[in-house]
file query.csv (CSV, C-alpha atoms and all ligand atoms)
chain,number,residue,atom,x,y,z
H,1,MET,CA,108.2,102.4,69.6
H,2,THR,CA,106.9,98.9,69.3
H,3,ASN,CA,104.7,97.0,71.6
H,4,ALA,CA,104.1,93.4,72.0
H,5,ARG,CA,100.5,93.4,71.1
H,6,GLU,CA,98.8,95.0,68.3
H,7,ASN,CA,96.8,98.1,69.3
H,8,SER,CA,98.6,98.4,72.5
H,9,ILE,CA,99.1,102.0,73.7
H,10,CYS,CA,101.7,101.9,76.4
H,11,ASN,CA,105.1,102.8,75.1
H,12,HIS,CA,107.5,101.4,77.6
H,13,THR,CA,110.8,101.3,75.9
H,14,GLY,CA,113.3,100.4,78.6
H,15,ASP,CA,115.8,97.6,77.7
H,16,GLY,CA,113.8,96.4,74.8
H,17,SER,CA,111.2,95.2,77.2
H,18,LEU,CA,107.8,94.9,75.6
H,19,CYS,CA,104.8,95.9,77.5
H,20,GLY,CA,101.9,93.7,76.7
H,21,ASN,CA,99.3,96.4,77.2
H,22,THR,CA,96.2,96.5,75.3
H,23,PRO,CA,93.8,99.5,75.0
H,24,GLU,CA,91.5,98.0,77.6
H,25,THR,CA,94.2,97.6,80.1
H,26,ILE,CA,96.7,100.4,79.6
H,27,CYS,CA,99.3,101.8,81.9
H,28,ASN,CA,98.6,105.2,83.4
H,29,HIS,CA,102.2,106.3,83.6
H,30,THR,CA,102.5,109.9,82.6
H,31,GLY,CA,106.2,110.1,83.3
H,32,LYS,CA,109.0,109.0,80.9
H,33,HIS,CA,109.7,105.3,81.0
H,34,SER,CA,113.3,105.4,79.8
H,35,GLY,CA,113.6,106.7,76.3
H,36,GLU,CA,114.5,110.3,75.9
H,37,ASP,CA,111.2,111.5,74.7
H,38,SER,CA,109.1,108.5,75.2
H,39,LEU,CA,106.1,109.8,77.0
H,40,CYS,CA,103.5,107.3,77.9
H,41,GLY,CA,100.2,108.4,76.4
H,42,ASN,CA,98.0,106.5,78.9
H,43,THR,CA,94.9,107.9,80.5
H,44,PRO,CA,94.2,108.2,84.2
H,45,GLU,CA,91.1,106.1,84.0
H,46,LYS,CA,92.9,103.0,83.3
H,47,ASN,CA,95.7,101.8,85.4
H,48,CYS,CA,98.7,99.5,85.4
H,49,ASN,CA,98.9,97.3,88.4
H,50,HIS,CA,102.6,96.3,88.1
H,51,THR,CA,103.5,93.2,89.8
H,52,ARG,CA,107.0,93.9,88.6
H,53,ASN,CA,108.7,96.7,86.7
H,54,HIS,CA,109.0,96.9,83.0
H,55,SER,CA,112.6,96.0,82.5
H,56,GLY,CA,112.3,92.3,82.0
H,57,ASP,CA,112.8,90.8,78.6
H,58,ASP,CA,109.2,89.9,78.0
H,59,SER,CA,107.6,90.8,81.3
H,60,PRO,CA,104.0,91.4,80.5
H,61,CYS,CA,102.2,94.2,82.1
H,62,ARG,CA,99.2,92.7,83.9
H,63,ASN,CA,97.0,95.7,83.8
H,64,THR,CA,93.5,96.0,85.1
H,65,PRO,CA,91.0,98.8,85.7
H,66,GLU,CA,91.6,101.4,88.4
H,67,SER,CA,89.3,99.6,90.8
H,68,ILE,CA,92.0,97.0,91.2
H,69,HIS,CA,92.8,96.3,94.8
H,70,ARG,CA,96.5,97.1,95.3
H,71,VAL,CA,99.0,97.5,98.1
H,72,HIS,CA,100.4,101.0,98.3
H,73,PHE,CA,104.0,101.7,99.0
H,74,VAL,CA,104.2,105.3,100.2
H,75,GLY,CA,107.0,107.7,100.8
H,76,ALA,CA,106.4,109.4,104.1
H,77,GLY,CA,108.9,112.2,103.5
H,78,PRO,CA,111.9,113.1,105.7
H,79,GLY,CA,110.0,113.8,108.9
H,80,ALA,CA,107.8,116.9,109.0
H,81,PRO,CA,104.3,115.4,108.7
H,82,ASP,CA,103.2,117.9,106.1
H,83,LEU,CA,106.0,116.9,103.8
H,84,ILE,CA,104.1,113.7,102.7
H,85,THR,CA,102.6,114.1,99.2
H,86,LEU,CA,98.8,114.8,98.8
H,87,ARG,CA,98.5,111.3,97.2
H,88,GLY,CA,100.4,109.7,100.1
H,89,LEU,CA,98.2,111.4,102.6
H,90,ARG,CA,95.0,110.3,100.9
H,91,LEU,CA,96.2,106.7,100.8
H,92,LEU,CA,97.1,106.9,104.4
H,93,GLU,CA,93.7,108.3,105.3
H,94,GLN,CA,92.0,105.5,103.5
H,95,ALA,CA,94.1,102.7,104.8
H,96,ASP,CA,92.8,99.8,106.9
H,97,VAL,CA,96.3,98.5,107.6
H,98,VAL,CA,99.5,100.6,107.8
H,99,ILE,CA,102.9,99.0,108.1
H,100,TYR,CA,105.3,101.8,108.9
H,101,ALA,CA,109.1,101.9,109.2
H,102,GLY,CA,109.0,102.8,112.9
H,103,SER,CA,112.7,103.6,113.2
H,104,LEU,CA,112.4,106.6,111.0
H,105,VAL,CA,108.9,107.5,110.0
H,106,ASN,CA,107.5,110.4,112.1
H,107,PRO,CA,104.7,108.8,114.2
H,108,ALA,CA,102.8,112.1,113.9
H,109,LEU,CA,101.9,110.9,110.4
H,110,LEU,CA,99.9,108.1,112.0
H,111,GLY,CA,97.5,110.7,113.3
H,112,SER,CA,96.0,110.8,109.8
H,113,VAL,CA,94.8,107.2,109.7
H,114,HIS,CA,91.1,106.3,110.5
H,115,GLU,CA,90.3,105.0,113.9
H,116,ASP,CA,89.8,101.4,112.8
H,117,CYS,CA,93.1,101.2,111.0
H,118,THR,CA,95.5,98.6,112.3
H,119,ILE,CA,99.1,99.8,112.6
H,120,TYR,CA,102.2,97.7,112.4
H,121,ASN,CA,105.8,98.8,113.1
H,122,SER,CA,108.1,97.1,110.6
H,123,ALA,CA,111.1,97.9,112.7
H,124,GLU,CA,110.0,95.0,114.9
H,125,MET,CA,109.2,92.6,112.0
H,126,THR,CA,111.0,90.5,109.5
H,127,LEU,CA,110.4,90.6,105.7
H,128,GLU,CA,108.4,87.4,106.1
H,129,GLN,CA,106.2,88.9,108.8
H,130,VAL,CA,105.6,92.0,106.7
H,131,ILE,CA,104.6,90.0,103.7
H,132,GLU,CA,102.4,87.7,105.9
H,133,VAL,CA,100.5,90.8,107.3
H,134,ILE,CA,100.1,92.2,103.8
H,135,HIS,CA,99.0,88.8,102.4
H,136,SER,CA,96.3,88.2,104.9
H,137,ALA,CA,95.0,91.8,104.9
H,138,TYR,CA,94.9,91.7,101.1
H,139,ALA,CA,92.9,88.5,101.1
H,140,GLU,CA,90.4,90.2,103.4
H,141,GLY,CA,90.1,93.0,100.9
H,142,LYS,CA,91.7,95.6,103.2
H,143,ASP,CA,93.4,98.8,102.0
H,144,ILE,CA,97.1,98.5,102.8
H,145,VAL,CA,99.8,101.1,103.0
H,146,ARG,CA,103.4,100.2,103.4
H,147,LEU,CA,104.9,103.5,104.7
H,148,HIS,CA,108.6,104.1,104.2
H,149,THR,CA,110.7,107.0,105.2
H,150,GLY,CA,111.8,109.7,102.7
H,151,ASP,CA,111.4,108.2,99.3
H,152,PRO,CA,111.0,104.4,99.2
H,153,CYS,CA,113.5,104.1,96.3
H,154,LEU,CA,116.5,104.9,98.5
H,155,TYR,CA,117.6,102.3,101.0
H,156,GLY,CA,114.0,101.3,101.4
H,157,ALA,CA,114.3,97.5,100.9
H,158,ILE,CA,111.2,97.8,98.7
H,159,ARG,CA,112.4,95.6,95.9
H,160,GLU,CA,112.4,92.4,97.9
H,161,GLN,CA,108.8,93.2,99.1
H,162,MET,CA,107.6,93.9,95.6
H,163,ASP,CA,109.1,90.7,94.3
H,164,ARG,CA,107.4,88.7,97.1
H,165,LEU,CA,104.1,90.4,96.4
H,166,GLY,CA,104.6,89.7,92.7
H,167,GLU,CA,105.1,86.0,93.4
H,168,LEU,CA,101.9,86.0,95.4
H,169,GLY,CA,100.1,87.8,92.6
H,170,ILE,CA,99.4,90.8,94.8
H,171,PRO,CA,99.5,94.0,92.8
H,172,TYR,CA,101.1,97.2,94.2
H,173,ASP,CA,102.0,100.7,93.4
H,174,ASP,CA,104.5,103.2,94.7
H,175,THR,CA,103.9,106.8,95.7
H,176,PRO,CA,107.2,108.8,95.9
H,177,GLY,CA,108.1,110.9,98.9
H,178,VAL,CA,110.6,113.7,99.7
H,179,SER,CA,113.9,112.1,100.4
H,180,SER,CA,115.8,113.1,103.5
H,181,PHE,CA,118.6,114.4,101.2
H,182,CYS,CA,116.2,116.9,99.7
H,183,GLY,CA,114.9,117.8,103.2
H,184,ALA,CA,118.5,118.3,104.4
H,185,ALA,CA,119.4,120.6,101.5
H,186,ALA,CA,116.2,122.6,102.1
H,187,SER,CA,116.9,123.0,105.8
H,188,LEU,CA,120.5,124.1,105.0
H,189,GLY,CA,119.2,126.4,102.2
H,190,GLU,CA,121.7,124.7,99.8
H,191,GLU,CA,121.7,123.5,96.2
H,192,TYR,CA,123.7,120.4,95.3
H,193,THR,CA,124.1,121.3,91.7
H,194,LEU,CA,125.8,124.7,91.5
H,195,PRO,CA,127.2,125.9,88.1
H,196,GLY,CA,131.0,126.0,88.2
H,197,VAL,CA,131.1,123.8,91.3
H,198,SER,CA,129.4,120.5,90.7
H,199,GLN,CA,126.7,119.1,88.5
H,200,SER,CA,126.5,115.7,90.0
H,201,VAL,CA,125.3,114.3,93.3
H,202,ILE,CA,126.7,111.1,94.6
H,203,ILE,CA,124.3,109.3,97.0
H,204,THR,CA,126.1,106.5,98.9
H,205,ARG,CA,126.8,104.9,102.2
H,206,MET,CA,129.5,103.2,104.2
H,207,ALA,CA,129.2,99.5,104.4
H,208,GLY,CA,127.4,98.3,107.5
H,209,ARG,CA,125.6,95.0,107.8
H,210,THR,CA,124.8,95.6,104.1
H,211,PRO,CA,128.0,95.5,102.2
H,212,VAL,CA,128.9,98.1,99.6
H,213,PRO,CA,130.4,96.8,96.3
H,214,GLU,CA,134.2,97.3,96.3
H,215,ARG,CA,134.0,99.4,93.2
H,216,GLU,CA,131.8,101.8,95.1
H,217,ALA,CA,134.1,102.3,98.1
H,218,LEU,CA,133.6,105.8,99.4
H,219,ALA,CA,137.3,106.7,98.8
H,220,SER,CA,137.0,105.9,95.1
H,221,LEU,CA,133.7,107.8,94.8
H,222,ALA,CA,135.3,110.7,96.6
H,223,ALA,CA,137.8,110.9,93.8
H,224,HIS,CA,135.2,112.9,91.8
H,225,GLY,CA,134.9,115.7,94.3
H,226,ALA,CA,131.2,115.9,93.4
H,227,SER,CA,128.4,116.9,95.8
H,228,MET,CA,128.3,114.0,98.2
H,229,VAL,CA,125.4,112.7,100.3
H,230,ILE,CA,126.2,109.9,102.6
H,231,PHE,CA,123.4,107.9,104.2
H,232,LEU,CA,123.4,105.4,107.0
H,233,SER,CA,126.9,106.3,108.2
H,234,ALA,CA,126.7,108.8,111.0
H,235,GLY,CA,128.1,106.2,113.4
H,236,MET,CA,131.2,105.9,111.3
H,237,LEU,CA,132.3,109.5,111.0
H,238,GLU,CA,136.0,108.8,111.4
H,239,GLU,CA,136.0,106.3,108.6
H,240,VAL,CA,133.9,108.7,106.4
H,241,GLN,CA,136.3,111.5,107.0
H,242,ARG,CA,139.3,109.3,106.2
H,243,ALA,CA,137.7,108.0,102.9
H,244,LEU,CA,136.7,111.5,101.8
H,245,LEU,CA,140.3,112.8,102.4
H,246,ALA,CA,141.6,109.9,100.4
H,247,GLY,CA,139.6,111.3,97.5
H,248,ALA,CA,139.4,114.8,96.1
H,249,TYR,CA,138.3,116.5,99.3
H,250,THR,CA,140.6,118.4,101.5
H,251,GLU,CA,140.6,119.2,105.2
H,252,ASN,CA,139.0,122.5,104.4
H,253,THR,CA,136.3,121.2,102.0
H,254,PRO,CA,132.9,122.3,103.5
H,255,ALA,CA,130.8,119.6,105.0
H,256,ALA,CA,127.6,119.3,107.1
H,257,ILE,CA,126.0,116.8,109.4
H,258,VAL,CA,122.2,117.0,109.3
H,259,TYR,CA,120.4,115.2,112.0
H,260,LYS,CA,116.7,114.5,111.6
H,261,ALA,CA,116.1,117.0,108.8
H,262,THR,CA,112.7,118.7,109.0
H,263,TRP,CA,111.9,117.1,112.4
H,264,PRO,CA,111.3,119.5,115.3
H,265,GLU,CA,114.6,118.1,116.9
H,266,GLU,CA,116.6,118.7,113.7
H,267,LYS,CA,120.2,119.7,114.1
H,268,LEU,CA,122.3,121.3,111.3
H,269,VAL,CA,126.0,121.1,111.9
H,270,ARG,CA,128.2,122.9,109.4
H,271,CYS,CA,131.9,121.9,109.5
H,272,THR,CA,134.6,120.8,107.2
H,273,VAL,CA,135.7,117.4,106.0
H,274,GLY,CA,138.7,117.7,108.3
H,275,SER,CA,136.4,118.3,111.3
H,276,LEU,CA,133.5,115.9,110.6
H,277,ALA,CA,134.4,113.3,113.2
H,278,ARG,CA,135.0,115.9,115.9
H,279,CYS,CA,131.9,117.9,115.2
H,280,GLY,CA,129.7,114.7,115.1
H,281,LYS,CA,131.1,113.8,118.5
H,282,GLU,CA,130.6,117.3,120.0
H,283,HIS,CA,127.0,117.3,118.9
H,284,GLY,CA,126.4,113.7,120.0
H,285,ILE,CA,125.2,112.6,116.5
H,286,ARG,CA,125.5,108.9,115.8
H,287,GLN,CA,122.4,108.1,113.8
H,288,THR,CA,119.5,109.4,111.8
H,289,ALA,CA,121.7,111.8,110.1
H,290,LEU,CA,123.1,112.6,106.6
H,291,ILE,CA,126.7,113.6,106.0
H,292,LEU,CA,127.1,116.1,103.2
H,293,ALA,CA,130.4,117.1,101.7
H,294,GLY,CA,131.5,119.2,98.8
H,295,ASP,CA,132.1,122.7,97.6
H,296,PHE,CA,128.4,123.2,97.0
H,297,LEU,CA,128.4,124.0,100.7
H,298,GLY,CA,130.9,126.8,100.1
H,299,ARG,CA,130.4,130.4,99.0
H,300,ASN,CA,131.6,130.3,95.4
H,301,TYR,CA,129.6,129.4,92.2
H,302,GLU,CA,128.7,130.8,88.8
H,303,ARG,CA,125.3,132.2,88.1
H,304,SER,CA,123.1,130.0,85.9
H,305,ARG,CA,122.9,130.4,82.2
H,306,LEU,CA,119.2,129.7,82.3
H,307,TYR,CA,118.4,133.0,83.9
H,308,ASP,CA,121.2,135.0,82.4
H,309,PRO,CA,119.7,138.1,80.5
H,310,GLY,CA,122.2,137.4,77.8
H,311,PHE,CA,120.8,134.0,76.9
H,312,SER,CA,117.7,133.1,74.9
H,313,THR,CA,115.7,130.1,75.9
H,314,GLY,CA,112.7,128.5,74.4
H,315,PHE,CA,110.6,130.8,76.6
H,316,ARG,CA,112.5,134.1,76.6
H,317,ASN,CA,114.6,136.1,74.2
H,318,ALA,CA,118.1,137.4,75.2
H,319,GLN,CA,118.2,141.0,76.3
H,320,ARG,CA,121.7,141.4,74.9
H,321,ASP,CA,124.1,139.5,72.8
H,322,THR,CA,126.8,137.5,74.5
H,323,GLU,CA,129.7,135.4,73.3
H,324,ASP,CA,129.7,133.3,76.4
H,325,VAL,CA,127.4,130.5,75.3
L,1,LIG,N1,114.4,106.3,102.0
L,1,LIG,C1,115.0,107.2,102.9
L,1,LIG,C2,116.4,106.7,103.5
L,1,LIG,C3,116.2,105.5,104.4
L,1,LIG,S1,117.8,104.9,104.9
L,1,LIG,C4,115.2,108.6,102.3
L,1,LIG,O1,114.8,108.8,101.1
L,1,LIG,O2,115.6,109.5,103.0
L,1,LIG,C5,117.9,105.7,106.5
L,1,LIG,C6,118.9,106.7,106.6
L,1,LIG,O3,118.4,107.9,105.9
L,1,LIG,C7,119.3,107.2,108.0
L,1,LIG,O4,120.3,106.4,108.6
L,1,LIG,C8,119.8,108.6,107.7
L,1,LIG,O5,121.1,108.5,107.1
L,1,LIG,C9,118.9,109.0,106.5
L,1,LIG,N2,117.8,109.8,107.0
L,1,LIG,C10,116.5,109.4,106.9
L,1,LIG,N3,115.7,110.4,107.4
L,1,LIG,C11,116.5,111.4,107.7
L,1,LIG,C12,116.3,112.7,108.2
L,1,LIG,N4,115.1,113.2,108.4
L,1,LIG,N5,117.4,113.5,108.4
L,1,LIG,C13,118.6,113.0,108.2
L,1,LIG,N6,118.9,111.8,107.7
L,1,LIG,C14,117.8,111.0,107.5
call {"tool": "encode", "arguments": {"input": "query.csv", "output": "structure tokens"}}
result
Amino acid sequence: MTNARENSICNHTGDGSLCGNTPETICNHTGKHSGEDSLCGNTPEKNCNHTRNHSGDDSPCRNTPESIHRVHFVGAGPGAPDLITLRGLRLLEQADVVIYAGSLVNPALLGSVHEDCTIYNSAEMTLEQVIEVIHSAYAEGKDIVRLHTGDPCLYGAIREQMDRLGELGIPYDDTPGVSSFCGAAASLGEEYTLPGVSQSVIITRMAGRTPVPEREALASLAAHGASMVIFLSAGMLEEVQRALLAGAYTENTPAAIVYKATWPEEKLVRCTVGSLARCGKEHGIRQTALILAGDFLGRNYERSRLYDPGFSTGFRNAQRDTEDV
């Protein structure tokens, strides 16, 4: 791994981008940046204040010590207020300004902010207004949390905010959250990746005001027959049903509609691909729901190799020999 500057410690390796970190200003990523075993050996004392990600050709990493004043993007989780992360909750408790996605974030979470905190509902704001609020609060030295539903990285419209903040020279970080598709699986007691059934999850949506690229049309993604999670499409169940049936799913393929996963008013509707539209109608679900489809919702699967007594792993020796490797 090579870095742009001599002595630099951060080992970002994605796309050949060189991270211009120096020992004084190193990135504190502990996760993998892109390479298969490229662990970033940075320390928690010293932080990276990304104003953009590390994928650009020669985007320097403008790091500063941890005391840097940053805007915090935070994933609120799917709904239940105790499904926010500990880090997200701490940031929320410290915030002077919270801008939350009011259409989907459970307002119960706002009970965690301190009494002088100013709260904005981004459902009533434009991108420009959100950035303006952040900009002036930042200039006043305030702690700012931008609270998004689930995990901000899915349909969160965070990239456009991050880019504007980057242009303004305002640093930010991002605290992940439990996405609603994980909350939905948990509520149903299901696993998307069952051996012998599917080892892939397709996360997608129908086109709405936001278009979906033609090559990602639901019917063509449905050709894989993988575990399918469809966001933002509960108002288009007939179209979803038709597209799924145009792919590898049949009328009898198991499906589910999960309304407000992990909220008190959660509804779990199990059905089949052939009855999706009818079931949605019967239960009056038209929004704030996920549509799941695939045989992972059925009964059959193979047991995992990982916990098979016949297999050795790096942590456990096989109890008996087996040819079925
Ligand atoms: N970032 C969010 C998704 C935001 S897009 C996440 O990670 O979950 C908004 C869409 O997400 C909704 O239209 C709905 O399809 C889905 N969604 C969000 N929260 C949900 C919940 N608690 N239960 C079911 N669907 C949810």
call {"tool": "residues_around", "arguments": {"input": "query.csv", "residues": "H:Leu232", "least_positions_apart": "4", "cutoff": "10 Å", "atoms": "only C-alpha atoms", "output": "PyMOL selection string"}}
result
chain H and resi 155+204-208+236+286-291
call {"tool": "closest_residue", "arguments": {"input": "query.csv", "among": "H:Pro213, H:Gly247, H:Gly183, H:Gly150", "to": "ligand LIG 1 (chain L)", "atoms": "only C-alpha atoms and all ligand atoms"}}
result
H:Gly150
call {"tool": "closest_atom_pairs", "arguments": {"input": "query.csv", "of": "chain H", "to": "ligand LIG 1 (chain L)", "cutoff": "10 Å", "atoms": "all atoms listed in the file", "output": "CSV"}}
result
residue,atom,partner,partner_atom,distance
H:Gly75,CA,L:LIG1,N1,7.6
H:Ala76,CA,L:LIG1,N1,8.8
H:Gly77,CA,L:LIG1,O1,7.2
H:Pro78,CA,L:LIG1,N4,4.2
H:Gly79,CA,L:LIG1,N4,5.2
H:Ala80,CA,L:LIG1,N4,8.2
H:Ala101,CA,L:LIG1,C3,9.3
H:Ser103,CA,L:LIG1,C5,8.7
H:Leu104,CA,L:LIG1,N3,6.2
H:Val105,CA,L:LIG1,N3,7.8
H:Asn106,CA,L:LIG1,N4,8.9
H:His148,CA,L:LIG1,N1,6.6
H:Thr149,CA,L:LIG1,C1,4.9
H:Gly150,CA,L:LIG1,O1,3.5
H:Asp151,CA,L:LIG1,O1,3.9
H:Pro152,CA,L:LIG1,N1,4.8
H:Cys153,CA,L:LIG1,N1,6.2
H:Leu154,CA,L:LIG1,N1,4.3
H:Tyr155,CA,L:LIG1,S1,4.7
H:Gly156,CA,L:LIG1,N1,5.1
H:Ala157,CA,L:LIG1,N1,8.9
H:Ile158,CA,L:LIG1,N1,9.7
H:Pro176,CA,L:LIG1,O1,9.2
H:Gly177,CA,L:LIG1,O1,7.4
H:Val178,CA,L:LIG1,O1,6.6
H:Ser179,CA,L:LIG1,O1,3.5
H:Ser180,CA,L:LIG1,O2,3.6
H:Phe181,CA,L:LIG1,O2,6.0
H:Cys182,CA,L:LIG1,O2,8.1
H:Gly183,CA,L:LIG1,N4,6.9
H:Ala184,CA,L:LIG1,N5,6.3
H:Ser187,CA,L:LIG1,N5,9.9
H:Thr204,CA,L:LIG1,O5,9.8
H:Arg205,CA,L:LIG1,O5,8.3
H:Val229,CA,L:LIG1,O5,9.1
H:Ile230,CA,L:LIG1,O5,6.9
H:Phe231,CA,L:LIG1,O5,3.7
H:Leu232,CA,L:LIG1,O4,3.6
H:Ser233,CA,L:LIG1,O5,6.3
H:Ala234,CA,L:LIG1,O5,6.8
H:Gly235,CA,L:LIG1,O4,9.2
H:Ile257,CA,L:LIG1,C13,8.4
H:Val258,CA,L:LIG1,C13,5.5
H:Tyr259,CA,L:LIG1,C13,4.7
H:Lys260,CA,L:LIG1,N5,3.4
H:Ala261,CA,L:LIG1,N5,3.8
H:Thr262,CA,L:LIG1,N4,6.0
H:Trp263,CA,L:LIG1,N4,6.4
H:Glu265,CA,L:LIG1,N4,9.8
H:Glu266,CA,L:LIG1,N5,7.5
H:Lys267,CA,L:LIG1,N5,8.9
H:Leu268,CA,L:LIG1,C13,9.6
H:Arg286,CA,L:LIG1,O4,9.2
H:Gln287,CA,L:LIG1,O4,5.9
H:Thr288,CA,L:LIG1,C8,4.2
H:Ala289,CA,L:LIG1,N6,3.7
H:Leu290,CA,L:LIG1,N6,4.4
H:Ile291,CA,L:LIG1,O5,7.7
call {"tool": "atom_distance", "arguments": {"input": "query.csv", "atom1": "atom CA of H:Val130", "atom2": "atom CA of H:Arg90"}}
result
21.9 Å
call {"tool": "atom_distance", "arguments": {"input": "query.csv", "atom1": "atom CA of H:Leu237", "atom2": "atom CA of H:Leu276"}}
result
6.5 Å
call {"tool": "closest_residue", "arguments": {"input": "query.csv", "among": "H:Cys279, H:Ala108, H:Val74, H:Ile170", "to": "H:Pro264", "atoms": "only C-alpha atoms"}}
result
H:Ala108
call {"tool": "closest_residue", "arguments": {"input": "query.csv", "among": "H:Arg146, H:Arg316, H:His114, H:Arg278", "to": "H:Tyr172", "atoms": "only C-alpha atoms"}}
result
H:Arg146
call {"tool": "residues_around", "arguments": {"input": "query.csv", "residues": "H:Ala223", "least_positions_apart": "5", "cutoff": "8 Å", "atoms": "only C-alpha atoms", "output": "list of chain:residue names"}}
result
H:Ala246, H:Gly247, H:Ala248, H:Tyr249
call {"tool": "atom_distance", "arguments": {"input": "query.csv", "atom1": "atom CA of H:His69", "atom2": "atom CA of H:Ile99"}}
result
16.9 Å
call {"tool": "closest_residue", "arguments": {"input": "query.csv", "among": "H:Glu251, H:Asp173, H:Asp295, H:Glu239", "to": "H:Ala226", "atoms": "all atoms listed in the file"}}
result
H:Asp295
call {"tool": "residues_around", "arguments": {"input": "query.csv", "residues": "H:Asp116", "least_positions_apart": "2", "cutoff": "12 Å", "atoms": "all atoms listed in the file", "output": "number ranges by chain"}}
result
H: 93-98, 112-114, 118-119, 142-143
call {"tool": "residues_near_point", "arguments": {"input": "query.csv", "point": "(132.6, 121.6, 101.1)", "cutoff": "6 Å", "atoms": "all atoms listed in the file", "output": "PyMOL selection string"}}
result
chain H and resi 253-255+293-295+297-298
call {"tool": "residues_around", "arguments": {"input": "query.csv", "residues": "H:Pro195", "least_positions_apart": "2", "cutoff": "8 Å", "atoms": "all atoms listed in the file", "output": "number ranges by chain"}}
result
H: 193, 197-199, 301-304
call {"tool": "residues_around", "arguments": {"input": "query.csv", "residues": "H:Arg164", "least_positions_apart": "5", "cutoff": "12 Å", "atoms": "all atoms listed in the file", "output": "list in words"}}
result
Thr51, Arg52, Leu127, Glu128, Gln129, Val130, Ile131, Glu132, Ile134, His135, Ala157, Ile158, Arg159, Gly169, Ile170, Pro171 and Tyr172 of chain H
call {"tool": "closest_residue", "arguments": {"input": "query.csv", "among": "H:Cys117, H:Phe73, H:His283, H:Gly314", "to": "H:Gln161", "atoms": "all atoms listed in the file"}}
result
H:Phe73
